[in-house]
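Here the structure is laid out as structure tokens; the discussion comes afterwards.
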Amino acid sequence: MRRNAHKVFASKIARALVTLVLMVTGVFILMRCAGDPVTVLLGPDASPDMRAAYSGELGLDRPILAQYLAYLHNVVRGSLGVSYVYRQDALGVVLSHLPLTLILTCCALTLAAVTGIAGGIAAAVFPSSIVGRVCTIASVVGVCVPSFFLAIVLMLVFSIHLNWLPTGGAESWRSLALPAVTMAAASSAVLARYTRVAVRESLDSRYVLAAFARGIPFWRILIHHVLPNAAAPILTILGLLVGGAVTGSTVVETLFSWPGIGNLFVTSVGSRDVPVVQAIVLLAGTAMIMTNLAVDLGYTWLDPRSKSSEK
Amino acid sequence: MAAGSPPLLNITGLTVVLADRPETRLLDAVQFELRKGEFFALVGESGSGKSVLCSTIMGVASSELKCLGDIRIEGRPLADVDRRLRAMIYQQPSLYLNPVRNIGFQLRETVQMTGGLSKKEANERAADLLCDVGIDHPNEAMRKYPHEMSGGMNQRVMIAMALAMKPKLLIADEPTSALDVTTQKQILDLLERLRSDMAILFVTHDLGVALQRSDRIGVLYAGQLVEIGRADLVARTPLHRYTRALFSAVPPLSGHPRRLHSPAGTLPEPTQRQAGCNFASRCSGTLDICRHTAPVLQGTPQQVVACHNLEP
């Protein structure tokens with residue numbers, strides 16, 4: 001069993017590495033397709049001599065395969081080029097924005113996980129009570145309302161009407177509240193819906209019926225039989241939400257002028273700061289792959305069946 | 001049958017209907033009793049209400065059903081009876097075991113329901129129970145998950161769980177249908193060995209098993225108990241036309257194979273059942289009275305039948 005688990009672990013890591021290489025390649029190809037970097041750098045009015053000089057300097061006159069290998073070499077060394085705007089290492093620029101995004105996403109996801117899972121369980125366990133109905137309706141509304149709309153409503157109520165919280169910035173902990181709630185709302189609703197379905201399915205299963213017939217109390221069945229079975233699908237959704245949060249914060253960060261990666265991404269795209277955009281895409285992709293890996297490993301821990309089904 | 005001692009299980013006039021459509025009857029005035037040490041086989045085709053009867057006795061019937069009538073265990077109504085007096089095993093044991101918890105956890109949990117046991121004591125008791133049901137390496141088995149065990153092994157675990165509560169009534173809902181013949185015999189022998197301490201209500205499709213193992217057979221048709229009697233009598237001289245049809249649909253083991261008979265028509269859906277005898281639409285001896293008055297069970301202590309027209 002133990003050796004088998006190691007094998008599973010190794011194959012998952014190998015798969016993650018292959019995905020990373022494919023992603024880096026994809027970024028390279030897309031960036032070449034997006035337009036001639038020389039035109040972007042020098043503008044359309046540059047003379048042919050200047051263009052040739054720049055191409056030579058940047059290595060763009062070399063064969064495409066050589067360029068690709070050089071790029072790969074740089075990525076492995078951790079060098080993603082120099083930002084055109086900040087005149088610094090692109091990765092450094094991105095990483096300097098990372099803590100604020102992490103604070104925002106951690107708060108939002110914790111909020112979403114707690115409310116979403118609790119709400120989903122309540123909706124599944126008490127489907128016809130007031131609590132269950134409220135949870136179900138709230139999750140439908142949460143999924144339907146777009147975050148930009150919710151953000152504006154929250155700003156109107158809490159910032160402009162009540163004047164409790166600032167509309168943007170990241171000066172104090174108070175400015176964290178509205179963006180975190182906005183971001184959490186949709187994730188919480190999605191999580192609640194999947195939790196409800198998973199818990200309901202487990203509650204309707206025969207092993208739960210048999211546990212009831214053995215006279216095991218309801219709360220014990222819920223905690224020891226239902227939730228462990230419902231955990232795998234919940235973990236899947238949680239993983240997708242975590243992986244998507246790094247880029248998913250773009251809209252919320254822009255709306256609340258939260259100076260994190262999402263905000264940087266939008267401004268960098270606007271100013272054609274290709275190395276920074278590239279670094280963010282790689283970072284977001286890596287985050288996604290890492291969470292997927294963590295989720296995969298989580299399955300083997302949660303569900304003993306996945307150990308023996310994986311070869 | 002020892003007269004005088006109160007029956008272990010006594011069911012009178014048990015009618016189960018859909019809560020929102022009371023005219024749809026899944027069980028109709030079911031009436032029988034079980035004594036300690038008795039092995040009672042309940043036979044009937046799919047949809048006849050066997051499983052509804054089991055879950056009603058277990059007290060885990062769906063909330064969409066409404067139960068009328070009286071179920072008593074040792075003379076006390078079901079609601080006042082300790083749940084541990086009755087236990088149930090099922091047709092597909094692996095579906096009734098939690099897939100993400102190991103055998104030890106589930107068995108220990110059930111053992112601890114009896115109260116007052118430390119984890120270590122519960123563990124020892126669980127191992128003893130697994131030994132009792134014929135699992136040779138109980139400590140190894142307790143570390144396994146249901147998917148790592150065979151169907152027969154899982155059924156043994158289910159039986160061990162049932163025994164953990166020291167029940168007086170064991171309901172076995174087709175416990176051997178999903179098992180191969182060798183395992184089937186082992187499980188049946190195991191149940192046979194356990195019966196002295198309890199009564200077993202054995203639900204089955206298999207008339208051979210019912211005849212071979214049980215003291216009495218009850219025949220359920222479309223929610224009505226049409227015949228109850230000593231196993232050999234019911235098999236040799238079935239009184240109800242449905243019972244006759246049922247036994248004539250069993251292929252003979254010896255002699256020349258013959259064409260098997262099955263009664264024309266199908267089991268009426270619960271929504272289409274009329275007043276009177278549910279078998280009337282398929283019966284060859286239907287009288288006028290059959291269509292509006294349900295017959296009641298009557299006969300000798302060895303064999304009772306619910307039929308208005310007993311002429312052959």
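Each chain of the structure tokens is named A, B, ... in the order shown, its residues numbered from 1; ligands are numbered from 1 in display order.
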As a VMD selection string, which residues of stretch 101-272 of chain A does DSSP assign to alpha helix (DSSP H)?
chain A and resid 101 to 125 130 to 144 147 to 154 174 to 203 206 to 213 218 to 221 227 to 255 261 to 270
Dump of C-alpha atoms for the selected residues, as a compact mmCIF listing (two decimals), in the first residue's frame:
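Listing of selection02.txt after writing:
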# COMPACT_ATOMS: atom_id res chain seq x y z
CA THR A 101 -3.43 39.52 -3.76
CA LEU A 102 -2.69 36.65 -1.39
CA ILE A 103 -4.20 38.54 1.54
CA LEU A 104 -7.32 39.32 -0.46
CA THR A 105 -7.77 35.81 -1.90
CA CYS A 106 -7.02 34.08 1.41
CA CYS A 107 -9.64 36.17 3.19
CA ALA A 108 -12.16 35.73 0.40
CA LEU A 109 -11.61 31.99 0.08
CA THR A 110 -11.74 31.37 3.82
CA LEU A 111 -14.98 33.31 3.96
CA ALA A 112 -16.31 31.44 0.92
CA ALA A 113 -15.27 28.02 2.26
CA VAL A 114 -16.83 28.55 5.68
CA THR A 115 -20.12 30.06 4.46
CA GLY A 116 -20.38 27.90 1.33
CA ILE A 117 -19.77 24.54 3.00
CA ALA A 118 -21.89 25.38 6.05
CA GLY A 119 -24.70 26.71 3.84
CA GLY A 120 -24.54 23.68 1.55
CA ILE A 121 -24.73 21.29 4.49
CA ALA A 122 -27.66 23.21 5.97
CA ALA A 123 -29.49 23.20 2.63
CA ALA A 124 -28.96 19.45 2.27
CA VAL A 125 -29.84 18.48 5.83
CA ILE A 130 -36.44 28.12 6.58
CA VAL A 131 -32.66 27.81 7.04
CA GLY A 132 -32.35 25.33 4.18
CA ARG A 133 -34.50 27.40 1.86
CA VAL A 134 -32.63 30.60 2.60
CA CYS A 135 -29.33 28.84 1.89
CA THR A 136 -30.62 27.42 -1.39
CA ILE A 137 -32.03 30.75 -2.57
CA ALA A 138 -28.92 32.66 -1.47
CA SER A 139 -26.70 30.29 -3.42
CA VAL A 140 -28.78 30.66 -6.59
CA VAL A 141 -28.69 34.45 -6.27
CA GLY A 142 -24.96 34.37 -5.50
CA VAL A 143 -24.21 32.36 -8.63
CA CYS A 144 -26.34 34.65 -10.81
CA SER A 147 -19.25 40.44 -9.11
CA PHE A 148 -19.03 43.86 -10.77
CA PHE A 149 -22.68 44.47 -9.97
CA LEU A 150 -22.40 43.21 -6.40
CA ALA A 151 -19.29 45.39 -5.92
CA ILE A 152 -21.17 48.52 -6.99
CA VAL A 153 -24.14 47.72 -4.76
CA LEU A 154 -21.86 47.11 -1.77
CA ARG A 174 -11.11 48.21 6.62
CA SER A 175 -10.52 48.50 2.90
CA LEU A 176 -10.20 44.70 2.72
CA ALA A 177 -13.81 44.04 3.75
CA LEU A 178 -15.72 44.94 0.60
CA PRO A 179 -13.42 43.31 -1.99
CA ALA A 180 -13.16 40.16 0.13
CA VAL A 181 -16.95 39.90 0.49
CA THR A 182 -17.47 40.55 -3.22
CA MET A 183 -14.97 37.90 -4.19
CA ALA A 184 -16.28 35.42 -1.65
CA ALA A 185 -19.93 35.76 -2.72
CA ALA A 186 -19.72 33.92 -6.03
CA SER A 187 -17.28 31.26 -4.76
CA SER A 188 -19.40 30.67 -1.69
CA ALA A 189 -22.52 30.21 -3.82
CA VAL A 190 -20.82 27.73 -6.16
CA LEU A 191 -19.38 25.83 -3.21
CA ALA A 192 -22.75 25.76 -1.44
CA ARG A 193 -24.47 24.26 -4.48
CA TYR A 194 -21.91 21.48 -4.91
CA THR A 195 -21.80 20.81 -1.16
CA ARG A 196 -25.57 20.52 -1.06
CA VAL A 197 -25.63 18.00 -3.92
CA ALA A 198 -22.75 15.95 -2.47
CA VAL A 199 -24.18 15.87 1.06
CA ARG A 200 -27.68 15.08 -0.25
CA GLU A 201 -26.36 12.22 -2.35
CA SER A 202 -24.50 10.75 0.60
CA LEU A 203 -27.51 11.20 2.91
CA ARG A 206 -27.64 2.98 1.48
CA TYR A 207 -24.73 3.00 3.90
CA VAL A 208 -26.37 5.96 5.63
CA LEU A 209 -29.69 4.09 5.70
CA ALA A 210 -27.93 1.10 7.22
CA ALA A 211 -26.23 3.34 9.79
CA PHE A 212 -29.63 4.75 10.75
CA ALA A 213 -30.97 1.23 11.05
CA PHE A 218 -27.88 11.58 13.25
CA TRP A 219 -25.02 13.96 14.08
CA ARG A 220 -22.55 11.12 14.28
CA ILE A 221 -23.71 9.86 10.89
CA LEU A 227 -19.09 14.42 5.29
CA PRO A 228 -16.12 12.14 4.57
CA ASN A 229 -18.00 10.88 1.51
CA ALA A 230 -19.01 14.34 0.37
CA ALA A 231 -15.50 15.69 0.86
CA ALA A 232 -14.05 14.63 -2.50
CA PRO A 233 -16.39 16.68 -4.75
CA ILE A 234 -16.16 19.63 -2.35
CA LEU A 235 -12.37 19.44 -2.54
CA THR A 236 -12.54 19.46 -6.35
CA ILE A 237 -14.54 22.68 -6.41
CA LEU A 238 -12.40 24.22 -3.68
CA GLY A 239 -9.31 23.41 -5.76
CA LEU A 240 -10.75 25.08 -8.86
CA LEU A 241 -11.69 28.15 -6.81
CA VAL A 242 -8.21 28.42 -5.26
CA GLY A 243 -6.50 27.93 -8.61
CA GLY A 244 -8.74 30.48 -10.28
CA ALA A 245 -8.54 32.99 -7.44
CA VAL A 246 -5.18 34.43 -8.51
CA THR A 247 -6.58 35.51 -11.86
CA GLY A 248 -10.18 35.65 -10.72
CA SER A 249 -9.34 38.59 -8.50
CA THR A 250 -8.75 40.75 -11.60
CA VAL A 251 -12.26 42.20 -11.75
CA VAL A 252 -12.57 42.74 -8.01
CA GLU A 253 -9.08 44.25 -7.66
CA THR A 254 -9.75 46.66 -10.52
CA LEU A 255 -13.13 47.73 -9.13
CA ILE A 261 -1.68 41.11 -9.27
CA GLY A 262 -5.08 41.37 -10.92
CA ASN A 263 -4.78 45.12 -11.05
CA LEU A 264 -1.20 44.89 -12.31
CA PHE A 265 -2.36 42.49 -15.02
CA VAL A 266 -4.95 44.92 -16.36
CA THR A 267 -2.57 47.91 -16.39
CA SER A 268 0.22 45.82 -17.92
CA VAL A 269 -1.99 44.63 -20.74
CA GLY A 270 -2.98 48.26 -21.32
Stretch 207-211 of chain B environment, 6 Å, only C-alpha atoms, sequence neighbours closer than 3 positions dropped, as a ChimeraX atom specification:
/B:41,214,231
Within 7 Å of chain A, which residues belong to chain B? Use only C-alpha atoms and report them as a VMD selection string.
chain B and resid 58 60 83 87 95 to 98 100 110 113
Take atom CA of A:Arg272 and atom CA of A:Ile289 and report the distance between them in Å, one decimal.
26.2 Å
Skipping near chain neighbours, those fewer than 4 positions away, what residues fall within 8 Å of B:Gln303 using only C-alpha atoms, listed as a VMD selection string?
chain B and resid 227 to 230 233 to 234 299
How would the residues just chosen look if you wrote them out with N, CA and C atoms as a PDB file, in the first residue's frame?
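File written: selection-v4.pdb
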ATOM      1  N   GLU B 227     -50.599 -16.498   1.856  1.00  0.00           N
ATOM      2  CA  GLU B 227     -50.507 -17.822   2.463  1.00  0.00           C
ATOM      3  C   GLU B 227     -49.326 -17.876   3.423  1.00  0.00           C
ATOM      4  N   ILE B 228     -49.542 -18.484   4.571  1.00  0.00           N
ATOM      5  CA  ILE B 228     -48.455 -18.707   5.519  1.00  0.00           C
ATOM      6  C   ILE B 228     -48.581 -20.140   5.989  1.00  0.00           C
ATOM      7  N   GLY B 229     -47.472 -20.866   6.107  1.00  0.00           N
ATOM      8  CA  GLY B 229     -47.589 -22.226   6.611  1.00  0.00           C
ATOM      9  C   GLY B 229     -46.241 -22.873   6.802  1.00  0.00           C
ATOM     10  N   ARG B 230     -46.263 -24.074   7.377  1.00  0.00           N
ATOM     11  CA  ARG B 230     -45.033 -24.828   7.540  1.00  0.00           C
ATOM     12  C   ARG B 230     -44.401 -25.011   6.170  1.00  0.00           C
ATOM     13  N   LEU B 233     -45.370 -27.999   4.064  1.00  0.00           N
ATOM     14  CA  LEU B 233     -46.773 -28.006   3.635  1.00  0.00           C
ATOM     15  C   LEU B 233     -47.005 -27.025   2.490  1.00  0.00           C
ATOM     16  N   VAL B 234     -46.447 -25.812   2.647  1.00  0.00           N
ATOM     17  CA  VAL B 234     -46.643 -24.806   1.607  1.00  0.00           C
ATOM     18  C   VAL B 234     -46.055 -25.295   0.291  1.00  0.00           C
ATOM     19  N   GLY B 299     -57.409 -21.048   8.389  1.00  0.00           N
ATOM     20  CA  GLY B 299     -56.995 -22.418   8.157  1.00  0.00           C
ATOM     21  C   GLY B 299     -56.557 -23.067   9.450  1.00  0.00           C
TER      22      GLY B 299
END
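Atom CA of B:Gly151 lies 8.9 Å from atom CA of B:Thr183.
Between atom CA of B:Arg291 and atom CA of B:His308 the separation is 10.5 Å.
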Neighbours of B:Ile200 within 6 Å (only C-alpha atoms; same-chain residues fewer than 3 positions away dropped), as a PyMOL selection string?
chain B and resi 39+169-171
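When only C-alpha atoms are used to measure the gap to A:Val276, the shortest distance among A:Val93, A:Ile13, A:Ala70, A:Val38 belongs to A:Val93.
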Name the closest residue to B:Asp206 among the candidates B:Asp80, B:Glu269, B:Glu45, B:Asp70; distances are taken between atoms, counting only C-alpha atoms.
B:Glu45
Skip stretch 118-130 of chain B itself and residues of its chain fewer than 6 positions away, then list as a count of residues only all residues within 8 Å of it, counting only C-alpha atoms.
15
Per DSSP on the backbone, what are the strand (DSSP E) residues of stretch 166-204 of chain B, as a PyMOL selection string?
chain B and resi 169-173+199-204
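The shortest atom-to-atom distance to B:Thr176, with only C-alpha atoms taken into account, belongs to B:Gln91 out of B:Ala249, B:Gly285, B:Gln91, B:Ala141.
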Would you mind listing what lies within 12 Å of A:Asp89 as an mmCIF file with C-alpha atoms, in the first residue's frame, with only C-alpha atoms counted and same-chain residues fewer than 6 positions away left out?
data_model
loop_
_atom_site.group_PDB
_atom_site.id
_atom_site.type_symbol
_atom_site.label_atom_id
_atom_site.label_comp_id
_atom_site.auth_asym_id
_atom_site.auth_seq_id
_atom_site.Cartn_x
_atom_site.Cartn_y
_atom_site.Cartn_z
ATOM 1 C CA GLY A 78 13.859 32.340 -13.155
ATOM 2 C CA SER A 79 14.467 35.246 -15.493
ATOM 3 C CA LEU A 80 11.337 36.442 -17.281
ATOM 4 C CA GLY A 81 12.752 39.622 -18.790
ATOM 5 C CA VAL A 82 12.681 43.235 -17.753
ATOM 6 C CA SER A 83 9.456 45.183 -17.415
ATOM 7 C CA LEU A 95 6.082 39.160 -6.787
ATOM 8 C CA SER A 96 6.023 42.585 -5.146
ATOM 9 C CA ASP A 273 4.222 45.376 -20.758
ATOM 10 C CA PRO A 275 7.275 40.481 -19.770
ATOM 11 C CA VAL A 276 5.001 41.328 -16.832
ATOM 12 C CA ALA A 279 5.141 36.435 -15.752
#
